[in-house]
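Below is one structure, written out as C-alpha cells; the observations come after it.
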Amino acid sequence: MPFTPFHLGPGLLLALLTVRWLDFPTVLLASVLVDARATLVFFGFLDGPLHGPLHTFLGATVLAILISLAVAPVRPALDRTLAFVRLPQPTARRRILVGALVGA
C-alpha cells in the first residue's frame, strides 16, 4: 500500500481482534510506521523503490524491536486514554513486543 493511513484500517481491525493478547496502541503504531519510508517515496521526498527495507522480515523485526523499546516507557501514560475508550489493558513488555511484531 503506497500511503501510510491505508494501513491504519487493517491495523485497527487487527488490534481490536487481538486486544486480549496484544498491546492495542503498539499494534496500531507498528502497522503505520512500517510504511513511513514508502510514504516519503510516494510524495517525492525520497528516491528509490516504494517498498524498501522495512518491508522485509528483517527490517520489520528491527522496527518492531525499536517500537517496543520506545513504547514500553510511555505505555502507562496511555492507560487513562484506553480506559476512556473502554479498552483497558494491563501493561506488559511481552504484550508490547508481540504487538509490535504482529503490527509490523
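Simple scheme: letters A, B, ... for chains in C-alpha cells order, numbers from 1 for residues in each chain, numbers from 1 for ligands in the order shown.
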Requested in this report: Please provide as a ChimeraX atom specification all residues within 10 Å of Arg93 of chain A, with the sequence filter that same-chain residues fewer than 3 positions apart are discarded (counting only C-alpha atoms).
Outcome: /A:23,68-69,71-73,75,90,96-99
Query raised in the report: What lies within 10 Å of Leu33 of chain A using only C-alpha atoms, ignoring chain neighbours under 6 positions off, as a list in words?
Result: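 The residues satisfying every condition are Thr4, Pro5, His7, Leu8, Thr39, Leu54, Ala60, Leu63, Ala64, Ile67, Gly103 and Ala104 of chain A.
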Writer output for current selection, N, CA, C and O atoms, as an mmCIF file, in the first residue's frame:
```
data_model
loop_
_atom_site.group_PDB
_atom_site.id
_atom_site.type_symbol
_atom_site.label_atom_id
_atom_site.label_comp_id
_atom_site.auth_asym_id
_atom_site.auth_seq_id
_atom_site.Cartn_x
_atom_site.Cartn_y
_atom_site.Cartn_z
ATOM 1 N N THR A 4 0.580 5.520 4.051
ATOM 2 C CA THR A 4 0.539 5.016 5.422
ATOM 3 C C THR A 4 -0.866 4.925 6.029
ATOM 4 O O THR A 4 -1.183 3.922 6.642
ATOM 5 N N PRO A 5 -1.727 5.943 5.915
ATOM 6 C CA PRO A 5 -3.046 5.804 6.559
ATOM 7 C C PRO A 5 -3.861 4.614 6.080
ATOM 8 O O PRO A 5 -4.774 4.184 6.761
ATOM 9 N N HIS A 7 -2.894 1.659 6.041
ATOM 10 C CA HIS A 7 -2.601 0.567 6.963
ATOM 11 C C HIS A 7 -3.297 0.754 8.303
ATOM 12 O O HIS A 7 -3.352 -0.174 9.096
ATOM 13 N N LEU A 8 -3.801 1.946 8.557
ATOM 14 C CA LEU A 8 -4.471 2.191 9.835
ATOM 15 C C LEU A 8 -5.754 1.369 9.951
ATOM 16 O O LEU A 8 -6.039 0.815 11.012
ATOM 17 N N THR A 39 5.776 6.218 2.279
ATOM 18 C CA THR A 39 5.051 7.484 2.165
ATOM 19 C C THR A 39 5.974 8.582 1.668
ATOM 20 O O THR A 39 5.592 9.381 0.807
ATOM 21 N N LEU A 54 12.064 -1.735 5.218
ATOM 22 C CA LEU A 54 11.085 -2.008 6.276
ATOM 23 C C LEU A 54 10.028 -3.012 5.824
ATOM 24 O O LEU A 54 9.254 -3.503 6.635
ATOM 25 N N ALA A 60 11.329 -5.268 9.265
ATOM 26 C CA ALA A 60 10.140 -5.149 10.108
ATOM 27 C C ALA A 60 10.422 -5.621 11.535
ATOM 28 O O ALA A 60 9.904 -5.042 12.500
ATOM 29 N N LEU A 63 12.423 -2.868 13.230
ATOM 30 C CA LEU A 63 11.492 -1.783 13.521
ATOM 31 C C LEU A 63 10.609 -2.130 14.713
ATOM 32 O O LEU A 63 10.380 -1.291 15.594
ATOM 33 N N ALA A 64 10.121 -3.354 14.775
ATOM 34 C CA ALA A 64 9.255 -3.779 15.884
ATOM 35 C C ALA A 64 10.000 -3.718 17.215
ATOM 36 O O ALA A 64 9.434 -3.293 18.234
ATOM 37 N N ILE A 67 10.281 -0.061 18.141
ATOM 38 C CA ILE A 67 8.975 0.446 18.585
ATOM 39 C C ILE A 67 8.674 -0.038 19.997
ATOM 40 O O ILE A 67 8.221 0.742 20.842
ATOM 41 N N GLY A 103 2.088 -6.170 14.401
ATOM 42 C CA GLY A 103 1.714 -4.956 13.660
ATOM 43 C C GLY A 103 2.655 -4.662 12.505
ATOM 44 O O GLY A 103 2.226 -4.231 11.438
ATOM 45 N N ALA A 104 3.926 -4.884 12.722
ATOM 46 C CA ALA A 104 4.910 -4.628 11.645
ATOM 47 C C ALA A 104 4.831 -5.702 10.599
ATOM 48 O O ALA A 104 5.019 -5.469 9.420
#
```
Requested in this report: Write out as a VMD selection string all residues of chain A that DSSP puts in alpha helix (DSSP H) for this structure's backbone.
Outcome: chain A and resid 5 to 17 24 to 33 36 to 42 57 to 74 79 to 84 93 to 103
**Report entry** 12 Å contact set for Arg37 of chain A, only C-alpha atoms, chain neighbours under 2 positions out, as a ChimeraX atom specification
**Finding:** /A:1-4,32-35,39-55,59,63
Please save C-alpha atoms of the selected residues as a PDB file, in the first residue's frame.
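part34.pdb written:
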```
ATOM      1  CA  MET A   1       0.000   0.000   0.000  1.00  0.00           C
ATOM      2  CA  PRO A   2       1.559   3.268  -1.033  1.00  0.00           C
ATOM      3  CA  PHE A   3       0.169   5.525   1.673  1.00  0.00           C
ATOM      4  CA  THR A   4       0.539   5.016   5.422  1.00  0.00           C
ATOM      5  CA  VAL A  32       1.518   2.578  10.397  1.00  0.00           C
ATOM      6  CA  LEU A  33       5.270   3.110  10.925  1.00  0.00           C
ATOM      7  CA  VAL A  34       6.223   0.156   8.739  1.00  0.00           C
ATOM      8  CA  ASP A  35       5.123   2.249   5.760  1.00  0.00           C
ATOM      9  CA  THR A  39       5.051   7.484   2.165  1.00  0.00           C
ATOM     10  CA  LEU A  40       8.164   9.642   1.752  1.00  0.00           C
ATOM     11  CA  VAL A  41       8.945   7.939  -1.572  1.00  0.00           C
ATOM     12  CA  PHE A  42       5.312   8.231  -2.713  1.00  0.00           C
ATOM     13  CA  PHE A  43       5.281  12.007  -2.148  1.00  0.00           C
ATOM     14  CA  GLY A  44       8.714  12.519  -3.700  1.00  0.00           C
ATOM     15  CA  PHE A  45      10.748  13.313  -0.580  1.00  0.00           C
ATOM     16  CA  LEU A  46      12.944  10.224  -1.124  1.00  0.00           C
ATOM     17  CA  ASP A  47      14.080   8.397  -4.230  1.00  0.00           C
ATOM     18  CA  GLY A  48      14.126   4.665  -4.727  1.00  0.00           C
ATOM     19  CA  PRO A  49      11.679   1.793  -4.732  1.00  0.00           C
ATOM     20  CA  LEU A  50       8.376   2.307  -2.979  1.00  0.00           C
ATOM     21  CA  HIS A  51       8.813  -0.670  -0.674  1.00  0.00           C
ATOM     22  CA  GLY A  52      12.227  -0.628   0.916  1.00  0.00           C
ATOM     23  CA  PRO A  53      13.982  -2.328   3.819  1.00  0.00           C
ATOM     24  CA  LEU A  54      11.085  -2.008   6.276  1.00  0.00           C
ATOM     25  CA  HIS A  55       9.052  -4.294   4.026  1.00  0.00           C
ATOM     26  CA  GLY A  59      13.585  -4.720   8.574  1.00  0.00           C
ATOM     27  CA  LEU A  63      11.492  -1.783  13.521  1.00  0.00           C
TER      28      LEU A  63
END
```
